[in-house]
Structure formats: structure tokens, C-alpha cells
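Next comes my_file_23.txt, a file with compact mmCIF, C-alpha atoms and all ligand atoms.
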```txt
# COMPACT_ATOMS: atom_id res chain seq x y z
CA MET K 1408 -31.88 64.43 181.40
CA ALA K 1409 -34.43 62.60 179.23
CA ALA K 1410 -35.19 65.80 177.30
CA SER K 1411 -31.50 66.41 176.61
CA ALA K 1412 -31.04 62.77 175.45
CA LYS K 1413 -34.03 63.21 173.13
CA ARG K 1414 -32.55 66.47 171.78
CA THR K 1415 -29.17 64.77 171.19
CA GLN K 1416 -30.95 61.92 169.39
CA GLN K 1417 -32.87 64.43 167.20
CA ASN K 1418 -29.59 66.26 166.48
CA ASN K 1419 -27.85 63.02 165.51
CA SER K 1420 -30.76 61.96 163.35
CA TRP K 1421 -30.71 65.38 161.55
CA LYS K 1422 -26.94 65.11 161.03
CA LEU K 1423 -27.37 61.62 159.55
CA ASN K 1424 -30.32 62.61 157.37
CA ARG K 1425 -28.92 65.91 156.05
CA PRO K 1426 -26.74 64.38 153.28
CA LEU K 1427 -29.68 62.19 152.26
CA LEU K 1428 -31.96 65.21 151.99
CA ILE K 1429 -29.42 67.16 149.89
CA PHE K 1430 -28.89 64.09 147.71
CA SER K 1431 -32.66 63.61 147.19
CA VAL K 1432 -33.16 67.29 146.25
CA LEU K 1433 -30.23 67.05 143.81
CA VAL K 1434 -31.60 63.88 142.19
CA ILE K 1435 -35.11 65.35 141.84
CA TYR K 1436 -33.59 68.54 140.35
CA ILE K 1437 -31.50 66.56 137.82
CA PHE K 1438 -34.51 64.43 136.76
CA ALA K 1439 -36.84 67.44 136.50
CA SER K 1440 -34.38 69.63 134.58
CA PHE K 1441 -33.49 66.77 132.24
CA ILE K 1442 -37.16 66.12 131.41
CA TRP K 1443 -37.75 69.85 130.97
CA TRP K 1444 -34.75 70.26 128.57
CA SER K 1445 -35.82 67.20 126.57
CA TYR K 1446 -39.35 68.58 126.22
CA LEU K 1447 -37.96 71.98 125.17
CA LEU K 1448 -35.67 70.37 122.56
CA VAL K 1449 -38.54 68.35 121.04
CA SER K 1450 -40.89 71.34 120.90
CA ASN K 1451 -38.13 73.56 119.37
CA ASN K 1452 -37.52 70.94 116.69
CA LYS K 1453 -41.25 70.80 115.98
CA HIS K 1454 -41.36 74.57 115.68
CA THR K 1455 -38.36 74.49 113.31
CA LEU K 1456 -40.11 71.80 111.21
CA GLU K 1457 -43.27 73.90 110.93
CA GLN K 1458 -41.22 76.94 109.86
CA SER K 1459 -39.26 74.88 107.32
CA ILE K 1460 -42.51 73.52 105.80
CA THR K 1461 -43.97 77.05 105.55
CA LEU K 1462 -40.73 78.24 103.87
CA LEU K 1463 -40.86 75.29 101.49
CA GLU K 1464 -44.49 76.07 100.60
CA LEU K 1465 -43.54 79.69 99.85
CA GLN K 1466 -40.55 78.64 97.72
CA TYR K 1467 -42.67 76.15 95.68
CA GLU K 1468 -45.52 78.67 95.42
CA ALA K 1469 -43.07 81.26 94.02
CA ARG K 1470 -41.99 78.68 91.43
CA GLY K 1471 -45.67 78.04 90.59
CA ILE K 1472 -45.72 74.51 92.02
CA ALA K 1473 -48.90 73.53 93.85
CA SER K 1474 -48.81 72.02 97.37
CA ASP K 1475 -50.20 68.67 96.12
CA ASN K 1476 -47.38 68.30 93.58
CA PRO K 1477 -45.32 65.11 94.16
CA LEU K 1478 -42.09 67.16 94.14
CA PHE K 1479 -43.33 69.34 96.98
CA LEU K 1480 -44.72 66.33 98.88
CA LYS K 1481 -41.37 64.54 98.58
CA ALA K 1482 -39.45 67.53 99.96
CA LYS K 1483 -41.98 67.91 102.79
CA ASN K 1484 -41.74 64.18 103.66
CA LYS K 1485 -37.97 64.47 103.84
CA LEU K 1486 -38.26 67.31 106.34
CA GLU K 1487 -40.74 65.31 108.43
CA GLU K 1488 -38.48 62.23 108.37
CA GLN K 1489 -35.56 64.36 109.57
CA TYR K 1490 -37.73 65.62 112.41
CA GLN K 1491 -38.81 62.05 113.38
CA THR K 1492 -35.14 60.91 113.42
CA GLN K 1493 -34.21 63.81 115.69
CA VAL K 1494 -37.10 63.02 118.06
CA MET K 1495 -36.12 59.33 118.19
CA MET K 1496 -32.51 60.33 118.91
CA ILE K 1497 -33.58 62.58 121.79
CA ILE K 1498 -35.85 59.84 123.23
CA GLY K 1499 -33.16 57.12 122.83
CA GLU K 1500 -30.32 59.13 124.33
CA GLY K 1501 -32.63 60.45 127.03
CA ALA K 1502 -33.70 56.91 127.98
CA VAL K 1503 -30.05 55.73 128.19
CA PHE K 1504 -29.17 58.75 130.32
CA LEU K 1505 -32.17 58.19 132.63
CA ILE K 1506 -31.37 54.47 133.03
CA LEU K 1507 -27.70 55.24 133.86
CA LEU K 1508 -28.76 57.95 136.28
CA GLY K 1509 -31.30 55.58 137.89
CA VAL K 1510 -28.68 52.83 138.31
CA ALA K 1511 -26.21 55.33 139.83
CA VAL K 1512 -28.85 56.66 142.24
CA VAL K 1513 -29.79 53.13 143.38
CA GLN K 1514 -26.09 52.23 143.87
CA ILE K 1515 -25.37 55.40 145.87
CA TRP K 1516 -28.52 54.84 147.96
CA ARG K 1517 -27.51 51.23 148.72
CA SER K 1518 -23.97 52.20 149.73
CA TYR K 1519 -25.34 54.97 151.92
CA ARG K 1520 -27.70 52.55 153.68
CA THR K 1521 -24.91 50.00 154.19
CA GLU K 1522 -22.66 52.72 155.65
CA LEU K 1523 -25.47 53.87 157.94
CA GLN K 1524 -26.16 50.32 159.10
CA LEU K 1525 -22.45 49.70 159.72
CA ALA K 1526 -22.15 52.93 161.71
CA ARG K 1527 -25.18 51.94 163.82
CA GLN K 1528 -23.84 48.42 164.39
CA GLN K 1529 -20.39 49.71 165.33
CA ARG K 1530 -21.99 52.11 167.81
CA ASN K 1531 -23.98 49.19 169.25
CA PHE K 1532 -20.80 47.11 169.42
CA LEU K 1533 -18.88 49.82 171.25
CA LEU K 1534 -21.74 50.31 173.71
CA SER K 1535 -22.05 46.61 174.43
CA ILE K 1536 -18.33 45.80 174.53
CA THR K 1537 -17.76 48.61 177.03
CA HIS K 1538 -20.48 47.15 179.19
CA GLU K 1539 -19.27 43.57 178.72
CA LEU K 1540 -15.73 44.51 179.78
CA LYS K 1541 -16.71 46.88 182.57
CA SER K 1542 -19.04 44.68 184.60
CA PRO K 1543 -16.87 41.53 185.04
CA LEU K 1544 -13.81 43.72 185.73
CA ALA K 1545 -15.75 45.63 188.40
CA SER K 1546 -16.93 42.44 190.09
CA ILE K 1547 -13.45 40.84 189.96
CA LYS K 1548 -12.02 43.99 191.57
CA LEU K 1549 -14.72 43.98 194.26
CA ALA K 1550 -14.18 40.28 195.01
CA LEU K 1551 -10.42 40.72 195.37
CA GLU K 1552 -10.86 43.80 197.60
CA THR K 1553 -13.36 41.94 199.81
CA MET K 1554 -11.01 38.98 200.22
CA MET K 1555 -8.08 41.24 201.01
CA ARG K 1556 -9.95 43.28 203.60
CA ARG K 1557 -11.63 40.52 205.60
CA GLU K 1558 -11.01 37.01 206.77
CA LEU K 1559 -13.97 35.10 205.26
CA PRO K 1560 -15.40 31.71 206.16
CA LYS K 1561 -14.20 29.02 203.69
CA GLU K 1562 -17.65 28.52 202.15
CA LYS K 1563 -18.09 32.21 201.37
CA ARG K 1564 -14.55 32.52 200.11
CA ASP K 1565 -15.02 29.54 197.76
CA LYS K 1566 -18.19 31.10 196.39
CA ILE K 1567 -16.43 34.40 195.70
CA VAL K 1568 -13.53 32.56 194.04
CA GLN K 1569 -16.01 30.58 191.92
CA ASN K 1570 -17.79 33.74 190.76
CA THR K 1571 -14.50 35.48 190.04
CA LEU K 1572 -13.38 32.51 188.00
CA SER K 1573 -16.59 32.56 185.99
CA ASP K 1574 -16.16 36.34 185.36
CA THR K 1575 -12.58 35.72 184.26
CA ASN K 1576 -13.78 32.96 181.92
CA ARG K 1577 -16.34 35.34 180.44
CA LEU K 1578 -13.63 37.95 179.82
CA GLN K 1579 -11.38 35.31 178.30
CA GLY K 1580 -14.18 34.13 176.00
CA LEU K 1581 -14.89 37.70 174.94
CA VAL K 1582 -11.24 38.47 174.19
CA GLY K 1583 -11.01 35.14 172.31
CA ASP K 1584 -14.02 36.09 170.17
CA ILE K 1585 -12.56 39.51 169.37
CA LEU K 1586 -9.23 37.92 168.40
CA LEU K 1587 -10.97 35.37 166.22
CA ALA K 1588 -12.99 38.11 164.50
CA ALA K 1589 -9.73 40.01 163.86
CA ARG K 1590 -8.27 36.86 162.26
CA PHE K 1591 -11.20 36.69 159.85
CA GLU K 1592 -10.39 40.27 158.78
CA ASP K 1593 -6.82 39.19 158.03
CA HIS K 1594 -7.45 37.25 154.82
CA SER K 1595 -3.90 35.88 154.70
CA PHE K 1596 -4.44 34.02 158.00
CA ARG K 1597 -4.72 30.25 157.59
CA PHE K 1598 -6.68 28.15 160.07
CA ALA K 1599 -5.23 24.89 161.35
CA LYS K 1600 -6.44 21.61 159.81
CA ASP K 1601 -5.98 19.15 162.65
CA ARG K 1602 -7.80 15.92 163.30
CA ILE K 1603 -10.07 16.77 166.24
CA LEU K 1604 -12.11 14.47 168.43
CA PHE K 1605 -15.24 16.57 168.07
CA SER K 1606 -17.31 14.39 170.44
CA ASP K 1607 -15.03 15.28 173.36
CA LEU K 1608 -14.90 18.94 172.46
CA VAL K 1609 -18.72 19.25 172.33
CA GLU K 1610 -19.09 17.25 175.56
CA GLU K 1611 -16.56 19.45 177.37
CA ILE K 1612 -18.27 22.69 176.32
CA ALA K 1613 -21.74 21.33 177.14
CA ASP K 1614 -20.47 20.42 180.64
CA LYS K 1615 -19.03 23.89 181.12
CA ILE K 1616 -22.30 25.54 180.02
CA ALA K 1617 -24.32 23.24 182.30
CA HIS K 1618 -22.02 24.23 185.16
CA ASN K 1619 -22.10 27.98 184.43
CA HIS K 1620 -25.86 28.04 183.76
CA ALA K 1621 -27.12 25.75 186.50
CA GLN K 1622 -30.60 27.25 186.08
CA HIS K 1623 -30.93 25.46 182.71
CA LYS K 1624 -31.30 21.76 182.08
CA VAL K 1625 -28.64 20.79 179.55
CA HIS K 1626 -29.27 17.39 177.89
CA THR K 1627 -26.69 15.78 175.68
CA ASP K 1628 -26.94 13.05 173.10
CA ILE K 1629 -23.38 12.89 171.81
CA GLU K 1630 -22.13 10.01 169.67
CA GLN K 1631 -18.64 8.94 170.70
CA ASN K 1632 -15.57 8.99 168.44
CA VAL K 1633 -16.82 11.59 165.96
CA TYR K 1634 -13.85 13.32 164.37
CA LEU K 1635 -13.54 16.50 162.31
CA MET K 1636 -10.66 18.11 160.45
CA GLY K 1637 -10.26 21.73 161.51
CA ASP K 1638 -9.13 24.43 163.88
CA LYS K 1639 -9.75 23.53 167.52
CA MET K 1640 -9.98 27.10 168.79
CA ALA K 1641 -12.38 28.14 166.02
CA LEU K 1642 -14.59 25.05 166.49
CA THR K 1643 -14.65 25.69 170.26
CA SER K 1644 -15.88 29.21 169.58
CA LEU K 1645 -18.62 27.87 167.25
CA VAL K 1646 -20.01 25.38 169.78
CA ALA K 1647 -19.58 27.71 172.78
CA ASN K 1648 -21.32 30.63 171.07
CA LEU K 1649 -24.32 28.52 170.01
CA LEU K 1650 -24.63 27.07 173.51
CA GLU K 1651 -24.13 30.42 175.27
CA ASN K 1652 -26.89 31.89 173.09
CA ALA K 1653 -29.21 28.96 173.83
CA ALA K 1654 -28.77 29.68 177.54
CA LYS K 1655 -28.88 33.46 177.20
CA TYR K 1656 -32.08 33.65 175.15
CA SER K 1657 -34.18 31.12 177.06
CA PRO K 1658 -35.89 31.31 180.46
CA PRO K 1659 -34.56 29.59 183.61
CA ASN K 1660 -35.49 25.92 184.03
CA SER K 1661 -35.90 25.43 180.30
CA ARG K 1662 -34.28 22.58 178.43
CA ILE K 1663 -31.25 22.92 176.15
CA GLU K 1664 -30.42 19.96 173.94
CA VAL K 1665 -27.07 19.18 172.37
CA ALA K 1666 -26.88 16.34 169.87
CA LEU K 1667 -23.95 15.15 167.78
CA HIS K 1668 -24.25 12.36 165.23
CA GLU K 1669 -22.24 11.02 162.37
CA GLU K 1670 -24.37 10.21 159.35
CA ARG K 1671 -23.39 8.64 156.06
CA GLU K 1672 -21.67 11.71 154.64
CA HIS K 1673 -22.04 14.27 157.37
CA VAL K 1674 -21.47 15.14 160.97
CA CYS K 1675 -24.53 16.87 162.35
CA LEU K 1676 -24.43 19.08 165.43
CA THR K 1677 -27.83 20.21 166.73
CA ILE K 1678 -28.36 22.72 169.50
CA SER K 1679 -31.92 23.53 170.49
CA ASP K 1680 -33.48 25.65 173.19
CA GLN K 1681 -36.94 26.57 174.45
CA GLY K 1682 -36.29 30.29 174.43
CA ILE K 1683 -37.69 33.39 172.77
CA GLY K 1684 -37.07 32.10 169.22
CA ILE K 1685 -35.78 34.04 166.20
CA PRO K 1686 -38.35 35.65 163.86
CA GLU K 1687 -38.19 34.51 160.19
CA THR K 1688 -37.42 38.07 159.05
CA GLU K 1689 -34.33 38.30 161.29
CA ARG K 1690 -32.75 35.00 160.24
CA GLN K 1691 -30.98 36.46 157.22
CA HIS K 1692 -29.43 39.24 159.34
CA ILE K 1693 -28.29 37.59 162.58
CA PHE K 1694 -25.03 36.28 161.09
CA LYS K 1695 -23.86 39.78 160.20
CA LYS K 1696 -21.04 41.25 162.26
CA PHE K 1697 -22.28 43.21 165.32
CA TYR K 1698 -25.92 42.52 164.42
CA ARG K 1699 -28.24 42.16 167.42
CA ILE K 1700 -32.01 41.94 167.27
CA GLY K 1701 -33.72 45.02 168.74
CA ASN K 1702 -32.43 48.29 170.08
CA GLU K 1703 -29.21 48.53 172.12
CA ASP K 1704 -30.64 51.25 174.38
CA THR K 1705 -33.53 49.08 175.55
CA ARG K 1706 -32.09 45.55 175.30
CA GLU K 1707 -31.55 43.66 178.53
CA THR K 1708 -29.39 40.71 177.45
CA LYS K 1709 -25.62 41.09 177.32
CA GLY K 1710 -23.72 40.52 174.12
CA THR K 1711 -21.67 42.05 171.32
CA GLY K 1712 -23.29 40.75 168.15
CA LEU K 1713 -20.08 38.90 167.30
CA GLY K 1714 -21.19 35.39 168.34
CA LEU K 1715 -23.21 34.27 165.32
CA PHE K 1716 -20.89 36.13 162.93
CA LEU K 1717 -18.07 33.91 164.22
CA VAL K 1718 -20.27 30.81 164.10
CA LYS K 1719 -21.00 31.43 160.41
CA GLU K 1720 -17.40 32.27 159.49
CA VAL K 1721 -16.06 29.18 161.30
CA ALA K 1722 -18.74 27.01 159.66
CA ASP K 1723 -17.83 28.41 156.22
CA LYS K 1724 -14.12 27.80 156.82
CA HIS K 1725 -14.93 24.15 157.67
CA GLY K 1726 -17.24 23.64 154.69
CA ALA K 1727 -20.28 23.37 157.01
CA THR K 1728 -23.80 24.69 156.48
CA ILE K 1729 -26.09 26.12 159.17
CA LYS K 1730 -29.85 25.72 159.29
CA ILE K 1731 -32.10 27.62 161.70
CA LYS K 1732 -35.45 26.07 162.54
CA ASP K 1733 -38.25 26.69 165.02
CA ASN K 1734 -37.91 24.32 167.93
CA ILE K 1735 -41.06 22.44 168.97
CA PRO K 1736 -43.02 23.56 171.02
CA GLN K 1737 -40.97 26.76 171.25
CA GLY K 1738 -37.49 28.20 170.86
CA THR K 1739 -34.76 27.86 168.29
CA ARG K 1740 -32.87 24.97 166.76
CA PHE K 1741 -29.51 25.35 165.03
CA ASP K 1742 -28.28 22.48 162.82
CA VAL K 1743 -24.63 22.68 161.78
CA ILE K 1744 -23.81 20.13 159.11
CA PHE K 1745 -20.11 19.35 158.59
CA PRO K 1746 -18.69 17.22 155.81
CA LEU K 1747 -16.97 14.04 157.03
CA PRO K 1748 -13.16 14.43 157.31
CA THR K 1749 -12.57 12.20 154.27
CA THR K 1750 -14.94 14.25 152.08
CA ILE K 1751 -13.39 17.70 152.90
P1 LIG K 1801 -25.21 38.52 170.88
O1 LIG K 1801 -23.89 38.92 171.41
O2 LIG K 1801 -26.21 39.62 170.84
O3 LIG K 1801 -25.76 37.27 171.52
P2 LIG K 1801 -25.01 36.93 168.45
O4 LIG K 1801 -24.28 37.26 167.18
O5 LIG K 1801 -24.58 35.74 169.19
O6 LIG K 1801 -24.91 38.25 169.34
O7 LIG K 1801 -26.55 36.79 168.09
C1 LIG K 1801 -27.17 37.79 167.29
C2 LIG K 1801 -28.62 37.96 167.72
O8 LIG K 1801 -29.36 36.78 167.38
C3 LIG K 1801 -28.79 38.14 169.22
O9 LIG K 1801 -28.72 39.50 169.57
C4 LIG K 1801 -30.17 37.54 169.47
O10 LIG K 1801 -31.15 38.54 169.31
C5 LIG K 1801 -30.35 36.51 168.36
N1 LIG K 1801 -30.14 35.12 168.83
C6 LIG K 1801 -29.03 34.38 168.72
N2 LIG K 1801 -29.20 33.14 169.21
C7 LIG K 1801 -30.46 33.08 169.67
C8 LIG K 1801 -31.27 32.04 170.28
N3 LIG K 1801 -30.79 30.82 170.54
N4 LIG K 1801 -32.56 32.36 170.57
C9 LIG K 1801 -33.06 33.58 170.32
N5 LIG K 1801 -32.36 34.59 169.73
C10 LIG K 1801 -31.08 34.35 169.41
```
Just give me the structure as C-alpha cells.
Amino acid sequence: MAASAKRTQQNNSWKLNRPLLIFSVLVIYIFASFIWWSYLLVSNNKHTLEQSITLLELQYEARGIASDNPLFLKAKNKLEEQYQTQVMMIIGEGAVFLILLGVAVVQIWRSYRTELQLARQQRNFLLSITHELKSPLASIKLALETMMRRELPKEKRDKIVQNTLSDTNRLQGLVGDILLAARFEDHSFRFAKDRILFSDLVEEIADKIAHNHAQHKVHTDIEQNVYLMGDKMALTSLVANLLENAAKYSPPNSRIEVALHEEREHVCLTISDQGIGIPETERQHIFKKFYRIGNEDTRETKGTGLGLFLVKEVADKHGATIKIKDNIPQGTRFDVIFPLPTTI
């Protein structure tokens, strides 16, 4: 089984790398043949110059003019100047051609890498979304079957209902995220610009996360009566995704902090955790669609790589900026800075 998976992986990797190999051979061939033809052209011109000078010497000799005569020297100089002009032309045109070829090669290489990355991320997304949809559906089905088959004590029944509800919420959140991502693709879609009591929205989501992730200690420091202008569903997704991630990427019993404050010109939302942290080198990538740190085949946490993409898009649509910092003593801190409603 493992050997066949390895073989399939090698096959896939060969299939992906084959066009790159053909492209590299082609580029090397074009460069080499171009340099060779340029060299040949220059040396042919030199040979022609030498022959022309010999012919000139013979012609002047036949007319009895010595090779140090100014007339002869002038004619010889003219031939040499012609040769220099031709060489400069070959070098100039060659350089332009090489630069254009170089730029084209770099562009093609970049597009190829982007395509490859997109294909890998889409594969990751499909793998994770299948898993994300399959497992809550399976447990909802099992819970319903169990309740249908047997008469359960109230306590046990309530627990099953609670778990089923939380699975349904997870599915709902996932479908909501996918819908929101689809809206971002549709550039004609306009988000609502309603006056939203952001304090209540953040409080509500923090309560929900504290309830769903009882193993974490969620602390809130939320200023009352902070308003924002925006789309309620999109802002809910922003806060929920940041908080879900804080819970997902930090160990049980660790502290998650949610703070919301209105400053002179901004509304600042801070969410910090004491989790695994995000390496500096990954911070520029994590907002890309479907991007997840590490390898999908070995990763243990659930997810689709859509969360932070949505966070960034929603922040952009609301004129907000996001800052990622290291939390002290460990973990990650996200600051989302919104403009005040009057300054939007
Ligand atoms: P996912 O569905 O994988 O959680 P996200 O787009 O929400 O996708 O996040 C992208 C990646 O950024 C995650 O796979 C994870 O590796 C990293 N990440 C996001 N939030 C945190 C956090 N609070 N702590 C550590 N890593 C995080």
C-alpha cells in the first residue's frame, strides 16, 4: 500500500516536472544556439575584413601605391570602421534579444510556479473539504440512528443533541465560508453597509467559542457601544474565523484573549492565543486562498485554508488593516484595525 502510494507520488511528480524539463532544455538550446550563431557571425565578418584588406593591398600594390600611403590607410580604416559597426550591431541586437528572452523565460517560469501552487492548494482544499463535510455528517447520522433505535436516558440524549447541534453549526459555518468566498469571486457583488453594534457581535461570537471550546479559557475585554459600518455576515465570519483559529492552533487549557476598543480614529480588535505561533516566513502566505501551513497528508488539524483568506478579504472590504504579532510569552496575536464609521 505504502509502496504503491510512493509510486503514484513519483508518477505525479514526473508528470508535473516533465513540461518544466522540456522547457528548460528548450531554453538552454535557444541560448546556446544564439550565442553560437552570434560568435559565428562575428568571426565570419572578421574573416571577410581580413580578405578585403588583403585584396585592397593587392589592388594598391598593382597601382604602385605603398601600404603606408595615406590613401591606402584611409581605405583600410574605412573597412575596419565598417567591421566595428557590424560587430556593435550584432552585440546590440543580441543583447536586446537576450534581455527579451530572459524576461519571457522569467515570466513563463513565474506563471508555471503560480499554476503549480494553485493546483497543489486546490488539491489540498478538496482533500480537506471532503474530510470536513464527511465527518460531521457521519456523526450526525450516527446520533440520529442511535436516538431512533433506543430509548435513552435524558442526560445522554441531551448530550447527543448538543453534539449534533455543534456538528450542524460547524457544517453551517463551513457552508457560510464557502458562500462568502464565492461572493468575493463575483466582483459585481456589493456588500451591505449597515450600522452594526460591533461590541455585541464580538461578545456573541466569543461566548459561542467559549461554549464550543470549553477546554480553552476565553477572556474578553470588550468596550461597549462600539459601532462599525459594514456587512454583518462578513464581519461575523472575520471574528469567528480568527477565534476558531485561536482555539484550533493552541493547546487545551490555554488562554485566548479578545479585546475590542475604540481609539481616537480607529476601532481595534485584538485576538491573541498561546498556541503554536506562526513563523515569520509564513505570514505573507497565510492569507492566500486555500493556503495551509505544512503538508495536507500529515497535518492533524482540520481546516480548508479559506479562513484567513476570508478574514483578509472582509478586512479589505471594510478598509481595515491586519497586523500579526508574536504573542508574549507564546502564540499569535492578530490586530484588526478598522476606521471609525465617520472616517470610512
Ligand atoms: P485553516 O482552515 O487551515 O485553519 P486558515 O486560512 O484559517 O486555514 O489559516 C491558514 C493557516 O494559518 C492554517 O493552516 C494555520 O497553519 C495558520 N494559522 C492560522 N491561525 C493561526 C493561529 N492562531 N496560530 C497558529 N497558526 C495559525
Counting only C-alpha atoms, which residues have an atom no more than 12 Å from (-30.0, 34.9, 170.4) in the file's coordinates? Please list them as a ChimeraX atom specification.
/K:1648-1657,1679-1686,1689-1690,1692-1694,1698-1701,1706,1708-1716,1731,1738-1741
For C-alpha atoms, I'd like the residues from the last selection saved as a short mmCIF file (atom, residue, chain, number, x, y, z; two decimals), in the frame of the given file.
```cif
data_model
loop_
_atom_site.label_atom_id
_atom_site.label_comp_id
_atom_site.auth_asym_id
_atom_site.auth_seq_id
_atom_site.Cartn_x
_atom_site.Cartn_y
_atom_site.Cartn_z
CA ASN K 1648 -21.32 30.63 171.07
CA LEU K 1649 -24.32 28.52 170.01
CA LEU K 1650 -24.63 27.07 173.51
CA GLU K 1651 -24.13 30.42 175.27
CA ASN K 1652 -26.89 31.89 173.09
CA ALA K 1653 -29.21 28.96 173.83
CA ALA K 1654 -28.77 29.68 177.54
CA LYS K 1655 -28.88 33.46 177.20
CA TYR K 1656 -32.08 33.65 175.15
CA SER K 1657 -34.18 31.12 177.06
CA SER K 1679 -31.92 23.53 170.49
CA ASP K 1680 -33.48 25.65 173.19
CA GLN K 1681 -36.94 26.57 174.45
CA GLY K 1682 -36.29 30.29 174.43
CA ILE K 1683 -37.69 33.39 172.77
CA GLY K 1684 -37.07 32.10 169.22
CA ILE K 1685 -35.78 34.04 166.20
CA PRO K 1686 -38.35 35.65 163.86
CA GLU K 1689 -34.33 38.30 161.29
CA ARG K 1690 -32.75 35.00 160.24
CA HIS K 1692 -29.43 39.24 159.34
CA ILE K 1693 -28.29 37.59 162.58
CA PHE K 1694 -25.03 36.28 161.09
CA TYR K 1698 -25.92 42.52 164.42
CA ARG K 1699 -28.24 42.16 167.42
CA ILE K 1700 -32.01 41.94 167.27
CA GLY K 1701 -33.72 45.02 168.74
CA ARG K 1706 -32.09 45.55 175.30
CA THR K 1708 -29.39 40.71 177.45
CA LYS K 1709 -25.62 41.09 177.32
CA GLY K 1710 -23.72 40.52 174.12
CA THR K 1711 -21.67 42.05 171.32
CA GLY K 1712 -23.29 40.75 168.15
CA LEU K 1713 -20.08 38.90 167.30
CA GLY K 1714 -21.19 35.39 168.34
CA LEU K 1715 -23.21 34.27 165.32
CA PHE K 1716 -20.89 36.13 162.93
CA ILE K 1731 -32.10 27.62 161.70
CA GLY K 1738 -37.49 28.20 170.86
CA THR K 1739 -34.76 27.86 168.29
CA ARG K 1740 -32.87 24.97 166.76
CA PHE K 1741 -29.51 25.35 165.03
#
```
Would you be able to write out as a PDB file with C-alpha atoms, in the coordinates of the input which residues have an atom within 9 Å of (-23.7, 16.0, 159.6) in the file's coordinates, counting all atoms listed in the file?
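Final file, result-v7.pdb:
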```
ATOM      1  CA  LEU K1667     -23.950  15.150 167.780  1.00  0.00           C
ATOM      2  CA  HIS K1668     -24.250  12.360 165.230  1.00  0.00           C
ATOM      3  CA  GLU K1669     -22.240  11.020 162.370  1.00  0.00           C
ATOM      4  CA  GLU K1670     -24.370  10.210 159.350  1.00  0.00           C
ATOM      5  CA  ARG K1671     -23.390   8.640 156.060  1.00  0.00           C
ATOM      6  CA  GLU K1672     -21.670  11.710 154.640  1.00  0.00           C
ATOM      7  CA  HIS K1673     -22.040  14.270 157.370  1.00  0.00           C
ATOM      8  CA  VAL K1674     -21.470  15.140 160.970  1.00  0.00           C
ATOM      9  CA  CYS K1675     -24.530  16.870 162.350  1.00  0.00           C
ATOM     10  CA  LEU K1676     -24.430  19.080 165.430  1.00  0.00           C
ATOM     11  CA  ALA K1727     -20.280  23.370 157.010  1.00  0.00           C
ATOM     12  CA  ASP K1742     -28.280  22.480 162.820  1.00  0.00           C
ATOM     13  CA  VAL K1743     -24.630  22.680 161.780  1.00  0.00           C
ATOM     14  CA  ILE K1744     -23.810  20.130 159.110  1.00  0.00           C
ATOM     15  CA  PHE K1745     -20.110  19.350 158.590  1.00  0.00           C
ATOM     16  CA  PRO K1746     -18.690  17.220 155.810  1.00  0.00           C
ATOM     17  CA  LEU K1747     -16.970  14.040 157.030  1.00  0.00           C
TER      18      LEU K1747
END
```
Pairwise distance for atom CA of K:Pro1543 and atom CA of K:Gly1580, rounded to one decimal in Å:
12.0 Å
Kindly indicate which residue among K:Ala1469, K:Leu1508, K:Ala1641, K:Leu1581 lies nearest to ligand LIG 1801 (chain K), using only C-alpha atoms and all ligand atoms for the distances.
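That would be K:Leu1581, the residue with the smallest distance to ligand LIG 1801 (chain K).
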Considering all atoms listed in the file, return as a VMD selection string whatever protein or nucleic-acid residues lie within 12 Å of K:Trp1516, sequence-local ones (same chain, fewer than 3 positions apart) excluded.
chain K and resid 1426 to 1428 1430 to 1431 1434 1509 to 1513 1519 to 1523
If you count only C-alpha atoms, which residues fall within 9 Å of stretch 1596-1601 of chain K, apart from same-chain ones fewer than 3 positions away, as an MDAnalysis selection string?
chainID K and resid 1590:1593 1635:1639 1641 1724
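Using all atoms listed in the file, the nearest neighbour of ligand LIG 1801 (chain K) within the list K:Asp1628, K:Asp1607, K:Asp1584, K:Glu1558 is K:Asp1584.
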